[in-house]
Every structure is written in structure tokens, then in C-alpha cells.
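Asker: Sharing a structure with you now.
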2 protein chains.
Amino acid sequence: LPDQERKRQYVVNVLKEVFKSYGFEPLETPALEYEEVLAGKYGEEGNKLMYRFTDQGGRKVALRYDQTVPLARVVAQYPDLPKPFKRYQIQAVWRAENPQKGRFREFMQCDIDTVGSSSFLADAEIIACALEGIKKLGFKSTIMQINDRAIFEGVETKYLVALDKLPKLGEEKTIKELISQGVSKNDAKSFISKAKDKKPTENLAKIFSYLASVGFEEGKDFVFNPLIVRGLDYYTGAIFELFDFSASKKLSLGGGGRYDNLIEIFSGKQVPATGFGFGFDRIVEACNELGLFPADIDAATPKVLVTVFGPDFVEKSIKTADSLRKSGISTELYPDENTKIEKQLKYADKRKIPYAIMIGPQEIKQEKITLKNMQEKKQELVTFEQLISLVG
Amino acid sequence: LPDQERKRQYVVNVLKEVFKSYGFEPLETPALEYEEVLAGKYGEEGNKLMYRFTDQGGRKVALRYDQTVPLARVVAQYPDLPKPFKRYQIQAVWRAENPQKGRFREFMQCDIDTVGSSSFLADAEIIACALEGIKKLGFKSTIMQINDRAIFEGVETKYLVALDKLPKLGEEKTIKELISQGVSKNDAKSFISKAKDKKPTENLAKIFSYLASVGFEEGKDFVFNPLIVRGLDYYTGAIFELFDFSASKKLSLGGGGRYDNLIEIFSGKQVPATGFGFGFDRIVEACNELGLFPADIDAATPKVLVTVFGPDFVEKSIKTADSLRKSGISTELYPDENTKIEKQLKYADKRKIPYAIMIGPQEIKQEKITLKNMQEKKQELVTFEQLISLVG
């Protein structure tokens with residue numbers, strides 16, 4: 001468990017640094033929202049999977065389902081928030097999957113959003129920041145596939161639903177699906193071939209030119225894909241999805257887009273917005289699979305375990321641990337004075353603590369400390385000054 | 001809102017560093033637990049305020065009420081967890097306060113716990129780490145008041161309830177309360193005077209000697225207080241509460257103690273444990289009141305706002321923002337190319353971004369950049385190299 005948590009925190013920290021470098025600020029929202037805030041915002045699936053209930057006071061509430069709707073609610077609620085408002089948010093969301101069996105799923109989402117700008121610059125920066133974050137984690141074969149909802153203007157919903165399924169179903173089955181929706185075979189075929197032939201909008205051209213000018217390569221880091229639909233919910237402009245091809249099969253690592261009408265639902269006032277959400281758990285998993293974590297990620301936080309030789313040797317160990325900490329070295333003092341040294345060393349081993357320190361009668365006599373390198377299984381008698389320079 | 005969040009994150013980061021230096025590792029647990037896991041663990045108040053409900057699948061669940069019971073559940077569930085297990089946990093908890101009105105309260109808790117050691121060393125390190133954390137935040141008049149549940153052995157509950165109220169009610173009212181519970185006036189008086197006269201147990205003497213040996217001062221940083229009771233729940237040994245006297249009135253900033261029997265409820269196997277919880281929101285508030293935050297905490301994260309002079313000047317601004325970011329300087333690019341420069345500067349001002357950069361026709365002609373120090377309201381034409389050294 002702490003092993004997993006260390007990995008998750010590593011990913012969080014890498015992404016946070018990138019978010020900050022782009023000027024995004026942290027935001028947190030409460031887990032519980034009024035049901036009416038979330039209801040009807042996530043399509044049919046959301047209605048089914050949203051975790052909602054009536055509380056002790058008879059009020060209808062729901063657990064956070066994503067971070068975009070709560071953001072919209074916050075922006076509507078605090079009209080004085082300086083805009084453009086750029087925030088990142090890394091919190092849990094809940095889905096009541098398979099509600100018959102009462103199963104629930106809690107997982108982390110990690111979003112960046114810019115509120116209050118309708119310019120391509122806002123979309124471009126969101127995409128650049130997402131690409132930068134994923135590269136900082138060490139992913140090498142990721143590409144942002146970008147499209148514009150504008151190219152679907154006037155297209156009927158059934159066509160979009162079919163298009164959305166195209167990558168999964170393949171062309172033949174998608175055409176069949178359209179036929180089952182009352183579309184003629186010819187029309188279905190021509191719709192799909194036309195969709196494939198679409199060209200980037202002027203808006204996308206500007207975004208692409210931004211991305212190229214900061215060093216991202218078209219066709220490698222980002223690409224126009226006229227078949228990206230991104231579901232059917234609140235998107236209104238540029239839409240994008242991040243795919244990784246390092247693993248055996250294509251993996252979606254996140255997605256986003258522009259949603260210029262969502263905040264209006266809460267405030268009555270149109271406030272343009274755009275954002276990207278990382279599939280956090282999937283990214284952690286992929287980092288694991290691809291070996292992207294630093295070599296020492298399995299090692300416990302403390303660098304040193306100060307063992308306790310016995311009840312009469314406690315004070316020397318306490319003082320050594322304290323001095324190490326005061327020298328900025330994260331140190332665990334074995335919290336028991338009656339445990340055999342071998343067991344204490346085994347514990348250091350199990351937790352992959354790099355160094356162990358022993359201070360028994362011999363060491364006290366010689367006014368020195370035994371330092372054991374746990375990996376090399378070598379130990380030596382050193383002074384405290386030597387200890388600091390060896391371990392620090 | 002981002003202002004508050006910055007402050008909260010500052011406190012989290014300071015405390016985390018101290019926790020790590022003591023060898024504590026991060027842990028997170030799900031917000032939802034089976035109701036039966038939490039039920040009956042928090043006394044009468046907990047039963048009333050726990051946020052619980054029946055989910056879509058008909059299962060009874062509850063929202064995290066504290067972090068200690070979930071920790072105990074985790075330790076029981078993963079018997080192979082290397083012990084001693086030292087973890088810190090910083091997550092939200094929920095209380096359904098005033099449930100008639102359906103009010104709920106979500107707030108953060110911040111705990112450190114050591115599981116698997118019954119030694120005074122574990123308690124002493126918890127106390128030292130808590131004191132260290134609060135000092136790192138800049139608190140100057142905080143004291144850990146320490147007691148031992150052992151001194152109450154055999155004392156009836158009604159006496160303890162009264163003692164717990166003594167600091168609030170004063171002696172006279174406490175005696176009256178005892179009398180109302182059927183205690184004679186003499187017995188009540190003698191109980192209180194005896195309680196006040198108690199001496200530290202041997203266990204506490206060892207803890208105090210640890211604290212003194214790492215530089216904490218008895219009477220200043222920590223003190224024996226035989227009147228500390230810490231409610232009536234799961235504590236079994238040393239108990240402690242951290243008070244601050246900097247503000248106009250005494251403020252409790254957190255508390256903790258040893259609870260050797262809680263994990264047994266879940267696992268059937270006794271696993272000793274001890275811990276401390278910081279009153280997170282109260283600490284943030286106190287930091288605010290006492291002016292303990294760094295001077296620049298109100299400033300937005302980005303150090304620089306790169307303004308956009310107009311649609312024809314976008315690329316130069318994009319490239320400058322990108323170069324600043326690549327030099328490690330957190331930078332916001334104003335995400336709109338059609339906003340007047342004055343409005344962009346006003347935005348930088350409102351968000352307390354220290355520097356703004358302007359690149360218009362003049363600057364491009366001279367191949368320079370205008371750098372404006374927002375606080376000093378001075379601006380100068382500089383080269384990119386000068387910019388980095390001035391801002392970085």
C-alpha cells in the first residue's frame with residue numbers, strides 16, 4: 001500500500017510541477033454536491049452511475065462524478081474570481097458501478113482548465129501543458145489527436161454516436177449500425193468517407209501553429225483526427241484525446257476540449273472554458289508497465305534506519321536519529337528498544353531502507369557508529385561526520 | 001479560493017516534509033467505508049454525526065469520519081504490512097452536523113500514526129514529530145500537554161467525564177456536576193485535588209527524557225498535565241494535546257495518544273498503535289491570524305505574465321512564454337490575443353503576479369522585451385538573457 005501511494009504521489013508531483021510552470025493554480029471542491037448540481041450533466045451513463053442519496057436531513061446529495069461540473073458551479077458561484085481563471089484539480093470521483101451489487105469505484109481525476117477565454121491560445125496551452133506533463137513522466141510514444149466540434153455542426157446525433165464507435169467497431173460494423181438507425185447504405189458509406197476527409201478548421205490551424213512553435217511535432221506529438229468525437233456531452237469547440245502507443249495496444253491517457261456553455265447552466269451568463277483531464281490510474285499503471293518510475297521508487301521514504309541496541313542504549317540512538325534529521329536526512333528510529341538487532345535489520349531490508357545504523361557497547365566505547373549499506377551488505381565503523389557525508 | 005488553497009497547500013507541504021524526515025510514509029484510504037466498519041467506534045456523538053446512507057445496491061455505507069479507524073481497518077486487512085508501520089494521512093472527513101437541516105461539514109484531517117510498537121519510543125517520536133511540525137510552521141507558544149490513561153485505571157466513567165470538562169467549567173461547576181451524578185461533595189473535592197496531584201508514570205518519564213534529549217524543553221515545549229482526558233474512546237496509554245497560547249485565547253491545535261486495542265476489533269489480534277492528529281483547518285486559520293505565512297503567499301503561482309499585444313504578435317509571446325518555462329520559471333501566457341494590454345496588466349495586478357512582459361511592435365523592432373515589475377510599477381527594455389537573470 002505505501003508502495004502504491006509513493007508511485008501515485010510521484011505522478012502527482014511531476015504533473016503539479018508542470019501545471020505550475022504553465023500558471024495553473026490548485027483548487028479543491030467538496031466531495032458532496034447537491035444532486036441538482038450534477039444531475040443531467042453526464043448523459044445517460046452519468047445518470048446511472050452517479051453516486052447519490054438522501055442525507056440525514058432529507059436533502060438530496062451526490063458524490064463528485066467529475067471535476068468539470070463542480071468547477072463550473074464554483075465559477076458561477078464566485079463571479080468575482082479574476083478571469084481568465086486557470087486551475088488544476090486532483091481529487092477523487094465516485095462511480096456506482098454495477099449498482100445491483102452495490103459496488104462502488106473511487107478513483108482520482110487530474111484536470112487542468114482555463115475559464116474565461118474563448119481564444120485558441122487557451123486550448124493550445126491546455127494541449128501543450130498536457131503533452132509536457134506526459135513527456136515529463138517519461139512517455140515517449142504519446143500523441144494528442146485533435147478535432148473540432150465545429151466540423152460536426154448540423155450533423156445528426158445518430159451519425160455522431162456511430163462515429164464515436166468507429167475506432168472500436170471498425171467501418172463495416174459502423175455502417176451496419178447506421179443502417180439499423182434507418183440510414184441508407186450509400187448515405188452511411190458517404191458519411192464516413194466524408195468524415196475521414198474533413199480538413200482542420202481555421203481554429204485548429206492556429207492551435208497547430210502554436211504547438212509547432214513551442215517545439216511539438218505534427219504527426220508525432222499531435223495530429224488532426226476528424227473521427228474524434230469525445231462523447232456527446234458539453235463540448236463545443238476543439239476536442240482532443242491523448243493516446244499512448246508504447247504498450248501492446250493503444251491506450252487513452254486522457255482527453256478534453258472546449259465547453260463554452262456549461263457554466264451558463266449555473267450562472268445564466270456565458271463563460272467560455274476549455275480543459276483536459278488525465279486518466280490518472282491508467283497513467284500510474286502505464287508508468288509501472290513501461291518502467292517509467294525512478295529506480296528508487298520502491299525504497300521507503302527514510303534513508304536511514306537507526307536501530308536500538310537495547311534499553312540501555314536508547315539515548316545514543318535517539319540523539320543520532322535527531323542529528324541526522326537536523327542534517328536534513330530523513331531517518332526512522334526503530335520504535336522499540338527490546339527487539340533483536342537482526343529483526344530490526346530485516347525490517348530495514350523489507351522496507352528497502354538504504355542504510356542502517358547500529359550503536360551498541362563496542363561503538364560507544366570507540367565513540368563511533370556502525371553504518372550498514374543494506375544493499376551491498378557491507379558495514380563499517382564511522383564517525384558522525386563521516387556518517388553524514390556517506391549518507392547525506 | 002485559490003488564495004485559500006495556496007495557504008492550505010503550504011501547510012500540507014511543511015508538515016509533509018517533517019513527517020518524511022521522521023520516516024512516515026503516505027497512505028490514502030477510500031472515502032466510503034462499510035457502515036459496520038465505522039459504527040460504534042466514535043461514541044454517541046459519532047453515531048449521530050457520521051454521514052451514512054444506503055447506496056444504489058442496497059448496501060449500507062458511511063463517509064470517513066476520522067482517519068484512525070480506517071487505518072485500523074487497513075492494518076487488519078493487510079497483515080503482511082511490514083511493522084512497525086509509520087504512516088501519515090491527509091484527507092477529508094465528513095460530519096453530518098445539524099442533520100435536521102441537512103447541513104454537512106467536510107474538513108481535512110492530518111494524522112501521523114505508528115502501528116506495531118508498544119514502546120514509549122513510538123509515543124515519544126509521535127510527540128516530537130508533531131512539535132517539530134508545528135514549530136516549522138512558525139508557532140512559538142505551543143505546548144504539548146501529556147498525560148497517561150494508566151493514572152485513571154479503575155476510575156469510574158462519571159469522574160472522567162467530569163474531569164474532561166474541568167478546563168471549560170472550572171472547579172466549582174465540575175464539583176456540582178459530580179454531585180448531580182450522586183457523588184458526595186467531599187468525595188468530589190477530594191477526587192479533583194487528588195487528580196491534580198498525580199505524578200507522571202514511569203512510561204511518561206521515559207517519554208519526557210526522550211523529548212529533553214532531542215532539545216525540547218519541559219514546561220515550555222511539553223508538560224505533564226494530569227487533567228488531560230481526551231474523551232472516552234479508544235485511548236489506552238499516553239495521551240496528549242497540543243495547545244497554542246499565541247492568540248488571545250488558548251487554542252487546541254490537535255491531539256492524540258496510544259490506542260492498543262482498536263485494531264484488534266477488526267483483526268482479532270492485538271496490534272499496539274499510537275498517533276497524533278492535527279486540527280488542520282484551525283492551524284491554517286491560526287497561521288493566518290498570527291501572520292505565519294510567507295510574505296508572497298498571496299501572490300499567484302506564476303512569476304511572470306506574458307501579455308499578448310494583438311493577433312499579429314502572438315508568436316513572439318508564445319515563444320517567450322515557452323522559453324521562460326523551459327528556464328524553469330513558472331509563466332502564464334495571457335490566453336487571449338484580442339484583449340487590451342491595460343486589461344491584461346490589471347489582471348496581473350489582481351492576481352499579484354510579480355512581473356509582466358510586453359512584446360509589441362517597438363520591442364520587436366529593437367529585438368527586446370519590456371519587463372514590468374508590477375509592484376514597483378517600473379518597466380524597462382531588456383534582452384531575453386537579462387530577462388532570465390532579472391526574473392529567475
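Scheme for the C-alpha cells: letters A, B, ... for chains in order shown; per-chain residue numbers from 1; ligand numbers from 1 in order shown.
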List the spatial neighbours of Ile151 of chain B as a PDB file with all heavy atoms, in the first residue's frame - criterion: any atom at most 10 Å away, only C-alpha atoms, same-chain residues fewer than 2 positions off excluded.
Answerer:
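Output saved as part_30.pdb:
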ATOM      1  N   ASN B 147      -0.408  13.265  29.243  1.00  0.00           N
ATOM      2  CA  ASN B 147      -0.915  12.507  30.378  1.00  0.00           C
ATOM      3  C   ASN B 147      -0.849  11.028  30.025  1.00  0.00           C
ATOM      4  O   ASN B 147      -0.451  10.659  28.917  1.00  0.00           O
ATOM      5  CB  ASN B 147      -2.356  12.947  30.691  1.00  0.00           C
ATOM      6  CG  ASN B 147      -2.798  12.516  32.083  1.00  0.00           C
ATOM      7  OD1 ASN B 147      -1.990  12.022  32.867  1.00  0.00           O
ATOM      8  ND2 ASN B 147      -4.072  12.691  32.369  1.00  0.00           N
ATOM      9  N   ASP B 148      -1.244  10.183  30.971  1.00  0.00           N
ATOM     10  CA  ASP B 148      -1.221   8.737  30.733  1.00  0.00           C
ATOM     11  C   ASP B 148      -2.546   8.171  31.220  1.00  0.00           C
ATOM     12  O   ASP B 148      -2.930   8.391  32.370  1.00  0.00           O
ATOM     13  CB  ASP B 148      -0.047   8.109  31.502  1.00  0.00           C
ATOM     14  CG  ASP B 148       0.252   6.702  31.025  1.00  0.00           C
ATOM     15  OD1 ASP B 148      -0.703   5.972  30.640  1.00  0.00           O
ATOM     16  OD2 ASP B 148       1.434   6.316  31.020  1.00  0.00           O
ATOM     17  N   ARG B 149      -3.250   7.474  30.345  1.00  0.00           N
ATOM     18  CA  ARG B 149      -4.516   6.861  30.740  1.00  0.00           C
ATOM     19  C   ARG B 149      -4.356   5.931  31.948  1.00  0.00           C
ATOM     20  O   ARG B 149      -5.316   5.692  32.682  1.00  0.00           O
ATOM     21  CB  ARG B 149      -5.089   6.056  29.563  1.00  0.00           C
ATOM     22  CG  ARG B 149      -5.957   6.876  28.630  1.00  0.00           C
ATOM     23  CD  ARG B 149      -7.281   7.171  29.310  1.00  0.00           C
ATOM     24  NE  ARG B 149      -8.026   8.162  28.580  1.00  0.00           N
ATOM     25  CZ  ARG B 149      -9.025   7.873  27.744  1.00  0.00           C
ATOM     26  NH1 ARG B 149      -9.399   6.624  27.578  1.00  0.00           N
ATOM     27  NH2 ARG B 149      -9.652   8.834  27.113  1.00  0.00           N
ATOM     28  N   GLU B 153      -6.741   4.333  35.797  1.00  0.00           N
ATOM     29  CA  GLU B 153      -7.178   2.944  35.914  1.00  0.00           C
ATOM     30  C   GLU B 153      -8.110   2.764  37.104  1.00  0.00           C
ATOM     31  O   GLU B 153      -7.805   3.191  38.210  1.00  0.00           O
ATOM     32  CB  GLU B 153      -5.975   2.015  36.041  1.00  0.00           C
ATOM     33  CG  GLU B 153      -6.080   0.833  35.086  1.00  0.00           C
ATOM     34  CD  GLU B 153      -4.859  -0.065  35.170  1.00  0.00           C
ATOM     35  OE1 GLU B 153      -4.824  -0.886  36.106  1.00  0.00           O
ATOM     36  OE2 GLU B 153      -3.969   0.110  34.333  1.00  0.00           O
ATOM     37  N   GLY B 154      -9.244   2.157  36.867  1.00  0.00           N
ATOM     38  CA  GLY B 154     -10.189   1.896  37.937  1.00  0.00           C
ATOM     39  C   GLY B 154     -11.088   3.081  38.251  1.00  0.00           C
ATOM     40  O   GLY B 154     -12.024   2.947  39.048  1.00  0.00           O
ATOM     41  N   VAL B 155     -10.816   4.237  37.682  1.00  0.00           N
ATOM     42  CA  VAL B 155     -11.663   5.408  37.940  1.00  0.00           C
ATOM     43  C   VAL B 155     -12.969   5.280  37.147  1.00  0.00           C
ATOM     44  O   VAL B 155     -12.959   4.934  35.971  1.00  0.00           O
ATOM     45  CB  VAL B 155     -10.925   6.713  37.540  1.00  0.00           C
ATOM     46  CG1 VAL B 155     -11.846   7.927  37.701  1.00  0.00           C
ATOM     47  CG2 VAL B 155      -9.654   6.894  38.358  1.00  0.00           C
ATOM     48  N   ALA B 195      -6.578  14.224  41.667  1.00  0.00           N
ATOM     49  CA  ALA B 195      -6.270  14.174  40.226  1.00  0.00           C
ATOM     50  C   ALA B 195      -5.177  15.178  39.883  1.00  0.00           C
ATOM     51  O   ALA B 195      -4.240  14.881  39.142  1.00  0.00           O
ATOM     52  CB  ALA B 195      -7.526  14.448  39.404  1.00  0.00           C
ATOM     53  N   LYS B 198      -1.545  14.089  40.844  1.00  0.00           N
ATOM     54  CA  LYS B 198      -0.938  12.891  40.258  1.00  0.00           C
ATOM     55  C   LYS B 198       0.452  13.196  39.713  1.00  0.00           C
ATOM     56  O   LYS B 198       0.734  14.308  39.258  1.00  0.00           O
ATOM     57  CB  LYS B 198      -1.822  12.373  39.120  1.00  0.00           C
ATOM     58  CG  LYS B 198      -3.151  11.830  39.598  1.00  0.00           C
ATOM     59  CD  LYS B 198      -3.063  10.350  39.913  1.00  0.00           C
ATOM     60  CE  LYS B 198      -4.457   9.828  40.255  1.00  0.00           C
ATOM     61  NZ  LYS B 198      -4.408   8.474  40.788  1.00  0.00           N
ATOM     62  N   LYS B 199       1.305  12.177  39.768  1.00  0.00           N
ATOM     63  CA  LYS B 199       2.665  12.311  39.246  1.00  0.00           C
ATOM     64  C   LYS B 199       2.765  11.552  37.916  1.00  0.00           C
ATOM     65  O   LYS B 199       2.022  10.606  37.687  1.00  0.00           O
ATOM     66  CB  LYS B 199       3.671  11.742  40.253  1.00  0.00           C
ATOM     67  CG  LYS B 199       3.733  12.507  41.580  1.00  0.00           C
ATOM     68  CD  LYS B 199       4.511  13.807  41.440  1.00  0.00           C
ATOM     69  CE  LYS B 199       4.239  14.754  42.597  1.00  0.00           C
ATOM     70  NZ  LYS B 199       2.944  15.475  42.532  1.00  0.00           N
ATOM     71  N   PRO B 200       3.703  11.939  37.039  1.00  0.00           N
ATOM     72  CA  PRO B 200       3.877  11.213  35.774  1.00  0.00           C
ATOM     73  C   PRO B 200       4.213   9.738  36.012  1.00  0.00           C
ATOM     74  O   PRO B 200       4.938   9.416  36.953  1.00  0.00           O
ATOM     75  CB  PRO B 200       5.071  11.920  35.119  1.00  0.00           C
ATOM     76  CG  PRO B 200       5.182  13.235  35.789  1.00  0.00           C
ATOM     77  CD  PRO B 200       4.601  13.091  37.166  1.00  0.00           C
ATOM     78  N   THR B 201       3.676   8.887  35.185  1.00  0.00           N
ATOM     79  CA  THR B 201       4.015   7.466  35.263  1.00  0.00           C
ATOM     80  C   THR B 201       5.447   7.251  34.768  1.00  0.00           C
ATOM     81  O   THR B 201       6.062   8.139  34.170  1.00  0.00           O
ATOM     82  CB  THR B 201       3.077   6.652  34.355  1.00  0.00           C
ATOM     83  OG1 THR B 201       3.190   7.167  33.019  1.00  0.00           O
ATOM     84  CG2 THR B 201       1.641   6.760  34.811  1.00  0.00           C
ATOM     85  N   PRO B 226      -2.051  16.183  34.431  1.00  0.00           N
ATOM     86  CA  PRO B 226      -2.844  15.017  34.871  1.00  0.00           C
ATOM     87  C   PRO B 226      -4.336  15.188  34.607  1.00  0.00           C
ATOM     88  O   PRO B 226      -5.102  14.245  34.840  1.00  0.00           O
ATOM     89  CB  PRO B 226      -2.541  14.934  36.369  1.00  0.00           C
ATOM     90  CG  PRO B 226      -2.166  16.326  36.757  1.00  0.00           C
ATOM     91  CD  PRO B 226      -1.481  16.945  35.560  1.00  0.00           C
ATOM     92  N   GLY B 237      -3.112   4.452  26.610  1.00  0.00           N
ATOM     93  CA  GLY B 237      -1.835   4.749  27.278  1.00  0.00           C
ATOM     94  C   GLY B 237      -1.570   6.238  27.323  1.00  0.00           C
ATOM     95  O   GLY B 237      -2.423   7.005  27.773  1.00  0.00           O
ATOM     96  N   ALA B 238      -0.405   6.626  26.818  1.00  0.00           N
ATOM     97  CA  ALA B 238      -0.074   8.049  26.777  1.00  0.00           C
ATOM     98  C   ALA B 238      -1.126   8.786  25.944  1.00  0.00           C
ATOM     99  O   ALA B 238      -1.588   8.284  24.926  1.00  0.00           O
ATOM    100  CB  ALA B 238       1.304   8.248  26.158  1.00  0.00           C
TER     101      ALA B 238
END
Asker: Please, which residues in chain B fall within 6 Å of chain A when counting only C-alpha atoms, and what is the closest atom pair and distance in Å to one decimal for each, ordered by chain then residue number, as a Markdown table?
Answerer:
| residue | atom | partner | partner_atom | distance |
| --- | --- | --- | --- | --- |
| B:Pro2 | CA | A:Leu27 | CA | 5.9 |
| B:Ser21 | CA | A:Ser330 | CA | 3.7 |
| B:Tyr22 | CA | A:Thr331 | CA | 5.4 |
| B:Gly23 | CA | A:Glu332 | CA | 4.7 |
| B:Leu27 | CA | A:Pro2 | CA | 5.9 |
| B:Gln56 | CA | A:Pro99 | CA | 5.2 |
| B:Gly57 | CA | A:Gly102 | CA | 3.6 |
| B:Arg59 | CA | A:Gly102 | CA | 5.7 |
| B:Pro99 | CA | A:Gly57 | CA | 4.5 |
| B:Gln100 | CA | A:Gly57 | CA | 4.5 |
| B:Lys101 | CA | A:Gly57 | CA | 5.2 |
| B:Gly102 | CA | A:Gly57 | CA | 3.6 |
| B:Ser119 | CA | A:Asp336 | CA | 5.2 |
| B:Leu121 | CA | A:Pro335 | CA | 5.1 |
| B:Ala122 | CA | A:Pro335 | CA | 4.9 |
| B:Pro302 | CA | A:Gly23 | CA | 4.7 |
| B:Arg325 | CA | A:Ser21 | CA | 5.9 |
| B:Ser330 | CA | A:Ser21 | CA | 3.7 |
| B:Thr331 | CA | A:Tyr22 | CA | 5.4 |
| B:Glu332 | CA | A:Gly23 | CA | 4.7 |
| B:Pro335 | CA | A:Ala122 | CA | 4.9 |
| B:Asp336 | CA | A:Ser119 | CA | 5.2 |
Asker: Output the selection as a PDB file, in the first residue's frame - N, CA and C atoms for each residue.
Answerer:
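This is the output file again29.pdb:
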ATOM      1  N   PRO B   2      -8.427  30.255  -4.817  1.00  0.00           N
ATOM      2  CA  PRO B   2      -7.058  29.766  -4.994  1.00  0.00           C
ATOM      3  C   PRO B   2      -6.159  30.309  -3.883  1.00  0.00           C
ATOM      4  N   SER B  21      10.806  13.376   7.230  1.00  0.00           N
ATOM      5  CA  SER B  21      12.097  13.366   7.912  1.00  0.00           C
ATOM      6  C   SER B  21      12.080  12.393   9.091  1.00  0.00           C
ATOM      7  N   TYR B  22      10.887  12.090   9.610  1.00  0.00           N
ATOM      8  CA  TYR B  22      10.750  11.114  10.695  1.00  0.00           C
ATOM      9  C   TYR B  22      10.471   9.707  10.159  1.00  0.00           C
ATOM     10  N   GLY B  23      10.422   9.564   8.858  1.00  0.00           N
ATOM     11  CA  GLY B  23      10.221   8.230   8.283  1.00  0.00           C
ATOM     12  C   GLY B  23       8.773   7.809   8.105  1.00  0.00           C
ATOM     13  N   LEU B  27      -0.289   7.448   3.145  1.00  0.00           N
ATOM     14  CA  LEU B  27      -1.343   6.448   2.942  1.00  0.00           C
ATOM     15  C   LEU B  27      -2.630   7.189   2.625  1.00  0.00           C
ATOM     16  N   GLN B  56     -27.088   2.675  -4.033  1.00  0.00           N
ATOM     17  CA  GLN B  56     -27.941   2.142  -5.112  1.00  0.00           C
ATOM     18  C   GLN B  56     -28.100   0.620  -5.024  1.00  0.00           C
ATOM     19  N   GLY B  57     -27.090  -0.061  -4.526  1.00  0.00           N
ATOM     20  CA  GLY B  57     -27.135  -1.513  -4.452  1.00  0.00           C
ATOM     21  C   GLY B  57     -27.695  -2.022  -3.134  1.00  0.00           C
ATOM     22  N   ARG B  59     -26.614  -1.341  -0.154  1.00  0.00           N
ATOM     23  CA  ARG B  59     -25.580  -1.584   0.841  1.00  0.00           C
ATOM     24  C   ARG B  59     -25.433  -0.385   1.768  1.00  0.00           C
ATOM     25  N   PRO B  99     -28.194  17.602  11.424  1.00  0.00           N
ATOM     26  CA  PRO B  99     -28.772  16.837  10.320  1.00  0.00           C
ATOM     27  C   PRO B  99     -30.223  17.195   9.996  1.00  0.00           C
ATOM     28  N   GLN B 100     -30.918  17.842  10.923  1.00  0.00           N
ATOM     29  CA  GLN B 100     -32.279  18.291  10.609  1.00  0.00           C
ATOM     30  C   GLN B 100     -32.270  19.186   9.375  1.00  0.00           C
ATOM     31  N   LYS B 101     -31.272  20.071   9.338  1.00  0.00           N
ATOM     32  CA  LYS B 101     -31.201  20.997   8.214  1.00  0.00           C
ATOM     33  C   LYS B 101     -30.379  20.426   7.065  1.00  0.00           C
ATOM     34  N   GLY B 102     -29.902  19.189   7.243  1.00  0.00           N
ATOM     35  CA  GLY B 102     -29.139  18.573   6.170  1.00  0.00           C
ATOM     36  C   GLY B 102     -27.806  19.242   5.939  1.00  0.00           C
ATOM     37  N   SER B 119       6.262   0.425  22.532  1.00  0.00           N
ATOM     38  CA  SER B 119       7.303   1.124  23.282  1.00  0.00           C
ATOM     39  C   SER B 119       7.005   2.616  23.416  1.00  0.00           C
ATOM     40  N   LEU B 121       9.053   4.714  22.892  1.00  0.00           N
ATOM     41  CA  LEU B 121       9.763   5.378  21.802  1.00  0.00           C
ATOM     42  C   LEU B 121       8.806   5.805  20.696  1.00  0.00           C
ATOM     43  N   ALA B 122       7.822   4.965  20.429  1.00  0.00           N
ATOM     44  CA  ALA B 122       6.850   5.290  19.383  1.00  0.00           C
ATOM     45  C   ALA B 122       6.045   6.527  19.783  1.00  0.00           C
ATOM     46  N   PRO B 302       2.196  31.772 -10.843  1.00  0.00           N
ATOM     47  CA  PRO B 302       3.130  32.186 -11.889  1.00  0.00           C
ATOM     48  C   PRO B 302       3.918  33.416 -11.492  1.00  0.00           C
ATOM     49  N   ARG B 325       9.393  29.120 -19.450  1.00  0.00           N
ATOM     50  CA  ARG B 325       9.047  27.842 -18.813  1.00  0.00           C
ATOM     51  C   ARG B 325      10.211  26.873 -18.905  1.00  0.00           C
ATOM     52  N   SER B 330       7.932  29.709 -13.725  1.00  0.00           N
ATOM     53  CA  SER B 330       6.523  29.431 -13.966  1.00  0.00           C
ATOM     54  C   SER B 330       5.853  30.673 -14.562  1.00  0.00           C
ATOM     55  N   THR B 331       5.210  30.477 -15.678  1.00  0.00           N
ATOM     56  CA  THR B 331       4.810  31.574 -16.549  1.00  0.00           C
ATOM     57  C   THR B 331       3.380  31.405 -17.018  1.00  0.00           C
ATOM     58  N   GLU B 332       2.628  32.481 -16.970  1.00  0.00           N
ATOM     59  CA  GLU B 332       1.303  32.441 -17.564  1.00  0.00           C
ATOM     60  C   GLU B 332       1.327  33.255 -18.853  1.00  0.00           C
ATOM     61  N   PRO B 335      -4.222  34.186 -22.112  1.00  0.00           N
ATOM     62  CA  PRO B 335      -4.762  33.298 -23.139  1.00  0.00           C
ATOM     63  C   PRO B 335      -5.785  33.985 -24.042  1.00  0.00           C
ATOM     64  N   ASP B 336      -5.493  35.189 -24.492  1.00  0.00           N
ATOM     65  CA  ASP B 336      -6.398  35.846 -25.433  1.00  0.00           C
ATOM     66  C   ASP B 336      -5.622  36.904 -26.188  1.00  0.00           C
TER      67      ASP B 336
END
Asker: Please, which residues of segment 82-237 of chain A, numbered as in this document, come out strand (DSSP E or B) from DSSP, as a VMD selection string?
Answerer: chain A and resid 85 to 95 105 to 115 142 to 148 218 222 to 224
Asker: List every residue of segment 12-248 of chain A that DSSP, applied to the backbone of this structure, places in helix (DSSP H, G or I), and write the result as an MDAnalysis selection string.
Answerer: chainID A and resid 12:21 35:38 43:49 68:77 99:101 120:136 149:152 157:169 171:180 185:197 202:213
Asker: Which residues are near Val382 of chain B? Cut-off 7 Å, only C-alpha atoms, ignore same chain within fewer than 6 positions. Put them as an MDAnalysis selection string.
Answerer: chainID B and resid 368:371
Asker: For the selection just defined, write its residues with N, CA, C and O atoms to a file, as a PDB file, in the first residue's frame.
Answerer:
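That gives us again-v1.pdb:
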ATOM      1  N   LYS B 368      13.938  43.368 -28.409  1.00  0.00           N
ATOM      2  CA  LYS B 368      13.972  43.330 -26.947  1.00  0.00           C
ATOM      3  C   LYS B 368      12.583  43.041 -26.384  1.00  0.00           C
ATOM      4  O   LYS B 368      11.616  42.849 -27.143  1.00  0.00           O
ATOM      5  N   ILE B 369      12.499  43.042 -25.076  1.00  0.00           N
ATOM      6  CA  ILE B 369      11.261  42.704 -24.370  1.00  0.00           C
ATOM      7  C   ILE B 369      11.040  43.765 -23.306  1.00  0.00           C
ATOM      8  O   ILE B 369      12.003  44.196 -22.669  1.00  0.00           O
ATOM      9  N   THR B 370       9.803  44.222 -23.115  1.00  0.00           N
ATOM     10  CA  THR B 370       9.551  45.129 -21.998  1.00  0.00           C
ATOM     11  C   THR B 370       9.158  44.314 -20.773  1.00  0.00           C
ATOM     12  O   THR B 370       8.216  43.525 -20.812  1.00  0.00           O
ATOM     13  N   LEU B 371       9.936  44.512 -19.693  1.00  0.00           N
ATOM     14  CA  LEU B 371       9.671  43.802 -18.439  1.00  0.00           C
ATOM     15  C   LEU B 371       9.126  44.807 -17.442  1.00  0.00           C
ATOM     16  O   LEU B 371       9.753  45.825 -17.167  1.00  0.00           O
TER      17      LEU B 371
END
Asker: Using only C-alpha atoms, which residues sit within 10 Å of Lys7 of chain A once same-chain residues fewer than 4 positions away are excluded, as a VMD selection string?
Answerer: chain A and resid 2 to 3 11 to 13 284 to 285 287 to 288 293 to 294 297 to 298
Asker: What is the distance, in Å and to one decimal place, between atom CA of Glu385 of chain A and atom CA of Phe309 of chain A?
Answerer: 21.1 Å
